[in-house]
Structure formats: C-alpha cells, structure tokens
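Enquirer: What follows is entry-v3.cif, made up of mmCIF, C-alpha atoms:
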data_structure
loop_
_atom_site.label_atom_id
_atom_site.label_comp_id
_atom_site.auth_asym_id
_atom_site.auth_seq_id
_atom_site.Cartn_x
_atom_site.Cartn_y
_atom_site.Cartn_z
CA MET I 1 13.20 -11.10 -19.08
CA ALA I 2 14.99 -10.42 -15.80
CA THR I 3 12.92 -9.84 -12.67
CA GLU I 4 14.39 -7.96 -9.77
CA ILE I 5 13.69 -9.12 -6.24
CA LEU I 6 13.26 -6.13 -3.94
CA MET I 7 13.94 -5.82 -0.22
CA PRO I 8 10.50 -6.36 1.32
CA ALA I 9 8.77 -4.22 3.93
CA LEU I 10 7.95 -6.88 6.51
CA SER I 11 6.07 -4.44 8.72
CA PRO I 12 4.28 -1.13 8.10
CA THR I 13 7.03 0.82 9.87
CA MET I 14 10.01 -0.99 8.34
CA GLU I 15 12.32 1.32 6.38
CA GLU I 16 15.43 -0.88 6.27
CA GLY I 17 16.56 -4.30 7.39
CA THR I 18 19.43 -6.77 7.47
CA LEU I 19 19.72 -9.52 4.89
CA ALA I 20 20.72 -12.13 7.47
CA LYS I 21 21.15 -15.18 5.24
CA TRP I 22 20.56 -16.34 1.68
CA LEU I 23 18.89 -19.75 1.50
CA VAL I 24 19.56 -20.00 -2.27
CA LYS I 25 22.65 -19.49 -4.38
CA GLU I 26 23.20 -18.18 -7.89
CA GLY I 27 21.99 -20.70 -10.45
CA ASP I 28 19.30 -22.21 -8.18
CA SER I 29 15.83 -22.59 -9.62
CA VAL I 30 13.04 -21.06 -7.49
CA SER I 31 9.29 -21.04 -7.76
CA SER I 32 6.62 -18.94 -6.11
CA GLY I 33 6.46 -19.66 -2.38
CA ASP I 34 10.03 -20.95 -2.00
CA VAL I 35 11.87 -19.44 0.97
CA ILE I 36 14.90 -17.66 -0.48
CA ALA I 37 16.29 -15.55 2.37
CA GLU I 38 16.08 -14.58 6.02
CA ILE I 39 15.50 -10.88 6.69
CA GLU I 40 16.11 -9.29 10.09
CA THR I 41 14.07 -6.30 11.19
CA ASP I 42 14.40 -4.36 14.41
CA LYS I 43 11.85 -6.74 15.93
CA ALA I 44 12.29 -10.19 14.40
CA THR I 45 13.95 -12.42 11.82
CA MET I 46 11.55 -13.55 9.11
CA GLU I 47 11.75 -15.83 6.11
CA PHE I 48 11.31 -14.16 2.71
CA GLU I 49 9.54 -16.11 -0.03
CA ALA I 50 9.92 -15.77 -3.79
CA VAL I 51 6.90 -14.30 -5.53
CA ASP I 52 7.98 -15.16 -9.08
CA GLU I 53 9.63 -18.22 -10.53
CA GLY I 54 12.90 -18.40 -12.39
CA ILE I 55 16.60 -18.97 -11.87
CA VAL I 56 18.56 -16.92 -9.35
CA GLY I 57 20.80 -15.02 -11.75
CA LYS I 58 22.64 -12.73 -9.37
CA LEU I 59 22.60 -12.00 -5.65
CA LEU I 60 23.05 -8.21 -5.52
CA VAL I 61 23.28 -7.90 -1.72
CA ALA I 62 25.62 -10.10 0.31
CA ALA I 63 24.40 -12.07 3.32
CA GLY I 64 24.87 -10.14 6.56
CA THR I 65 24.48 -6.71 4.93
CA GLU I 66 22.87 -4.28 7.36
CA GLY I 67 20.80 -1.19 6.57
CA VAL I 68 19.34 -2.41 3.27
CA LYS I 69 16.56 0.06 2.38
CA VAL I 70 13.09 -1.27 1.55
CA ASN I 71 12.49 -1.64 -2.23
CA THR I 72 16.23 -1.89 -2.99
CA PRO I 73 16.98 -4.70 -5.48
CA ILE I 74 18.60 -7.59 -3.59
CA ALA I 75 18.65 -10.24 -6.32
CA VAL I 76 17.79 -10.88 -9.96
CA LEU I 77 15.73 -13.77 -11.32
CA VAL I 78 16.32 -14.76 -14.94
CA GLU I 79 14.60 -17.15 -17.32
CA GLU I 80 16.17 -20.30 -18.73
CA GLY I 81 18.92 -19.42 -21.22
CA GLU I 82 18.94 -15.69 -20.43
CA ASP I 83 22.31 -13.91 -20.09
CA VAL I 84 22.80 -13.42 -16.35
CA ASP I 85 25.38 -10.61 -16.50
CA ALA I 86 23.43 -8.52 -19.03
CA ALA I 87 20.20 -8.95 -17.07
CA ALA I 88 21.81 -8.05 -13.73
CA SER I 89 23.58 -4.98 -15.11
CA GLY I 90 20.37 -3.84 -16.85
CA VAL I 91 18.42 -4.08 -13.60
CA ALA I 92 21.14 -2.24 -11.65
CA GLU I 93 21.32 0.55 -14.26
CA ALA I 94 17.54 0.94 -14.33
CA HIS I 95 17.42 1.14 -10.53
CA ALA I 96 20.27 3.69 -10.39
CA LEU I 97 18.62 5.80 -13.10
CA THR I 98 15.30 5.75 -11.26
CA HIS I 99 16.97 6.91 -8.03
CA GLU I 100 18.95 9.65 -9.79
CA GLN I 101 15.79 11.02 -11.38
CA GLY I 102 13.93 10.84 -8.08
CA ALA I 103 16.74 12.53 -6.15
CA GLY I 104 17.32 15.27 -8.72
CA HIS I 105 13.67 16.00 -9.42
CA HIS I 106 12.30 18.85 -7.37
CA PRO I 107 8.76 20.02 -8.05
CA GLU I 108 8.23 23.68 -8.82
CA PRO I 109 7.28 25.63 -5.70
CA VAL I 110 3.66 26.67 -5.53
CA PRO I 111 3.11 30.31 -4.59
CA ALA I 112 1.45 30.81 -1.24
CA SER I 113 -2.03 32.28 -1.19
CA ALA I 114 -2.48 35.97 -0.44
CA GLY I 115 -4.06 35.15 2.89
CA PRO I 116 -7.22 33.74 4.35
CA VAL I 117 -10.29 34.02 2.17
CA ALA I 118 -13.36 35.57 3.77
CA VAL I 119 -16.23 33.10 3.90
CA LYS I 120 -19.74 34.51 3.75
CA PRO I 121 -22.41 32.46 5.48
CA VAL I 122 -25.28 31.37 3.25
CA GLU I 123 -28.65 32.83 4.19
CA ILE I 124 -31.31 30.14 4.19
CA GLU I 125 -34.91 31.19 3.84
CA VAL I 126 -36.97 29.44 6.50
CA PRO I 127 -40.74 29.86 6.36
CA GLU I 128 -42.16 31.77 9.31
CA GLY I 129 -43.47 29.59 12.11
CA THR I 130 -41.14 26.68 11.34
CA LYS I 131 -39.70 25.07 14.45
CA MET I 132 -36.00 24.23 14.29
CA ARG I 133 -34.85 21.07 16.02
CA ASP I 134 -31.37 19.62 16.61
CA MET I 135 -31.06 16.11 15.22
CA THR I 136 -28.23 13.65 14.72
CA VAL I 137 -27.64 11.94 11.40
CA ARG I 138 -28.64 8.64 12.98
CA GLU I 139 -31.97 10.07 14.13
CA ALA I 140 -32.65 11.64 10.73
CA LEU I 141 -31.97 8.37 8.92
CA ARG I 142 -34.06 6.36 11.37
CA ASP I 143 -37.02 8.73 11.03
CA ALA I 144 -36.77 8.82 7.22
CA MET I 145 -36.65 5.01 7.01
CA ALA I 146 -39.60 4.66 9.40
CA GLU I 147 -41.63 7.12 7.32
CA GLU I 148 -40.88 5.20 4.09
CA MET I 149 -41.74 1.85 5.71
CA ARG I 150 -45.05 3.18 7.03
CA ALA I 151 -45.96 4.37 3.53
CA ASP I 152 -45.41 0.88 2.04
CA GLY I 153 -48.06 -1.59 3.21
CA ARG I 154 -45.97 -4.57 2.12
CA VAL I 155 -43.31 -3.85 4.77
CA PHE I 156 -43.67 -5.89 7.94
CA LEU I 157 -41.41 -5.24 10.90
CA MET I 158 -40.63 -8.07 13.27
CA GLY I 159 -42.02 -7.36 16.68
CA GLU I 160 -44.69 -5.01 15.33
CA GLU I 161 -47.52 -7.40 16.22
CA VAL I 162 -46.15 -7.93 19.71
CA ALA I 163 -46.11 -4.20 20.39
CA GLU I 164 -49.75 -3.74 19.34
#
Reformat the file's structure so that it appears as structure tokens.
Expert:
Amino acid sequence: MATEILMPALSPTMEEGTLAKWLVKEGDSVSSGDVIAEIETDKATMEFEAVDEGIVGKLLVAAGTEGVKVNTPIAVLVEEGEDVDAAASGVAEAHALTHEQGAGHHPEPVPASAGPVAVKPVEIEVPEGTKMRDMTVREALRDAMAEEMRADGRVFLMGEEVAE
C-alpha cells in the first residue's frame, strides 16, 4: 500500500517552505529515521527524516520548489513489488479530491441570536447573623485540608513538634 510523505511543519508557525534538496532518488529504499530531504523555512534549513519504511516510488515535488504548503504530498513510498505509477496517481487523486471537497464545502450559516439574554442573579439564603468573609481559593483549600488533618489523629505534620 502506498504511503504519502507530506510536507512537514518544522515550526508551529510554518505554513509553507522550500524543498531545498532531495537526499534520495526514486527507487531508493528508506527506513524510519533516514534523512530524505532538506527543507528550508523562513528561519533555517532542516533535514527531514522518513517516518515510515519502503521504497521511494515517486518524488512529487521537485528540488528547489518554493512555497510548498504544509501537509502537501511531496513523495510516495511504496512496498516491494507495488506498481509505482498506480500508487502515485492514486495518492495524487485522493489528495486532489480531499482538497476539492474541503474548498467546496461551506457549512450552513447559523442564525444569530435575537440579542443578549437577561441573566437573573440567584438569591442565596444566608442565615441571619452569618459573617461573610472574602477568601481566595488557595486559602479555602488550605483551611479545608488543615481541618481534615486535625480530625485524623494518624496525620503527623513535619515541624509540628518544633512549633509546640
């Protein structure tokens, strides 16, 4: 089964790059980790390693091609005895079909809401005489943990003896 090799995103902001040089040629056998090409970004030139193993069936993008979009097929790996031309054309057709569907597909517009929704505050019943106190989440967690640890006699805090 043919495996397409896609133009990698060598940085989080990379959208396209230049395929500077192929280090393999059609018919070469590659395994995972072999350096197969040099890719130029706007910042650096980096080596690109094969992820899968197989035989380089077809180089889809020529060396020196600029503006190759990320995730564009740049080569096809085939297995021993597989028809190179059929595999390469199948990968190219599948990629073209995927892009046509993506470009032509427009989601149905969602109607806008009628306007802002009025939010009613929830009335909380607080018993009379209860003091309200501002507290951070950190303080609340610390106090709750301290209360639980005091309730369990098996808990021993380091430094507790020193403080007493």
Enquirer: Evaluate the PyMOL selection byres ((chain I and resi 14-28) around 9) and record the selected residues as a tab-separated table (two decimals) with C-alpha atoms, keeping the file's coordinate frame, following the chain and residue labels used in the document.
Expert:
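Dumped everything to expr-v2.tsv:
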chain	number	residue	atom	x	y	z
I	7	MET	CA	13.94	-5.82	-0.22
I	8	PRO	CA	10.50	-6.36	1.32
I	9	ALA	CA	8.77	-4.22	3.93
I	10	LEU	CA	7.95	-6.88	6.51
I	11	SER	CA	6.07	-4.44	8.72
I	12	PRO	CA	4.28	-1.13	8.10
I	13	THR	CA	7.03	0.82	9.87
I	29	SER	CA	15.83	-22.59	-9.62
I	30	VAL	CA	13.04	-21.06	-7.49
I	35	VAL	CA	11.87	-19.44	0.97
I	36	ILE	CA	14.90	-17.66	-0.48
I	37	ALA	CA	16.29	-15.55	2.37
I	38	GLU	CA	16.08	-14.58	6.02
I	39	ILE	CA	15.50	-10.88	6.69
I	40	GLU	CA	16.11	-9.29	10.09
I	41	THR	CA	14.07	-6.30	11.19
I	42	ASP	CA	14.40	-4.36	14.41
I	45	THR	CA	13.95	-12.42	11.82
I	54	GLY	CA	12.90	-18.40	-12.39
I	55	ILE	CA	16.60	-18.97	-11.87
I	56	VAL	CA	18.56	-16.92	-9.35
I	57	GLY	CA	20.80	-15.02	-11.75
I	58	LYS	CA	22.64	-12.73	-9.37
I	59	LEU	CA	22.60	-12.00	-5.65
I	61	VAL	CA	23.28	-7.90	-1.72
I	62	ALA	CA	25.62	-10.10	0.31
I	63	ALA	CA	24.40	-12.07	3.32
I	64	GLY	CA	24.87	-10.14	6.56
I	65	THR	CA	24.48	-6.71	4.93
I	66	GLU	CA	22.87	-4.28	7.36
I	67	GLY	CA	20.80	-1.19	6.57
I	68	VAL	CA	19.34	-2.41	3.27
I	69	LYS	CA	16.56	0.06	2.38
I	70	VAL	CA	13.09	-1.27	1.55
I	74	ILE	CA	18.60	-7.59	-3.59
Enquirer: Could you work out an axis-aligned bounding box for all listed atoms of stretch 119-124 of chain I, with 6 Å added on each of the six sides, and give its centre and edge lengths in Å to one decimal, as JSON?
Expert:
{"center_x": -23.8, "center_y": 32.3, "center_z": 4.4, "size_x": 27.1, "size_y": 16.4, "size_z": 14.2}
Enquirer: Using the chain letters and residue numbers of this document, give as a VMD selection string the residues selected by the PyMOL selection byres ((chain I and resi 31) around 8).
Expert: chain I and resid 29 to 30 32 to 34 50 to 54
Enquirer: Those same residues - C-alpha atoms - I'd like them written as a PDB file, keeping the file's coordinate frame.
Expert:
ATOM      1  CA  SER I  29      15.830 -22.590  -9.620  1.00  0.00           C
ATOM      2  CA  VAL I  30      13.040 -21.060  -7.490  1.00  0.00           C
ATOM      3  CA  SER I  32       6.620 -18.940  -6.110  1.00  0.00           C
ATOM      4  CA  GLY I  33       6.460 -19.660  -2.380  1.00  0.00           C
ATOM      5  CA  ASP I  34      10.030 -20.950  -2.000  1.00  0.00           C
ATOM      6  CA  ALA I  50       9.920 -15.770  -3.790  1.00  0.00           C
ATOM      7  CA  VAL I  51       6.900 -14.300  -5.530  1.00  0.00           C
ATOM      8  CA  ASP I  52       7.980 -15.160  -9.080  1.00  0.00           C
ATOM      9  CA  GLU I  53       9.630 -18.220 -10.530  1.00  0.00           C
ATOM     10  CA  GLY I  54      12.900 -18.400 -12.390  1.00  0.00           C
TER      11      GLY I  54
END
Enquirer: One decimal, in Å: what's the spacing between atom CA of I:Arg154 and atom CA of I:Met135?
Expert: 28.7 Å
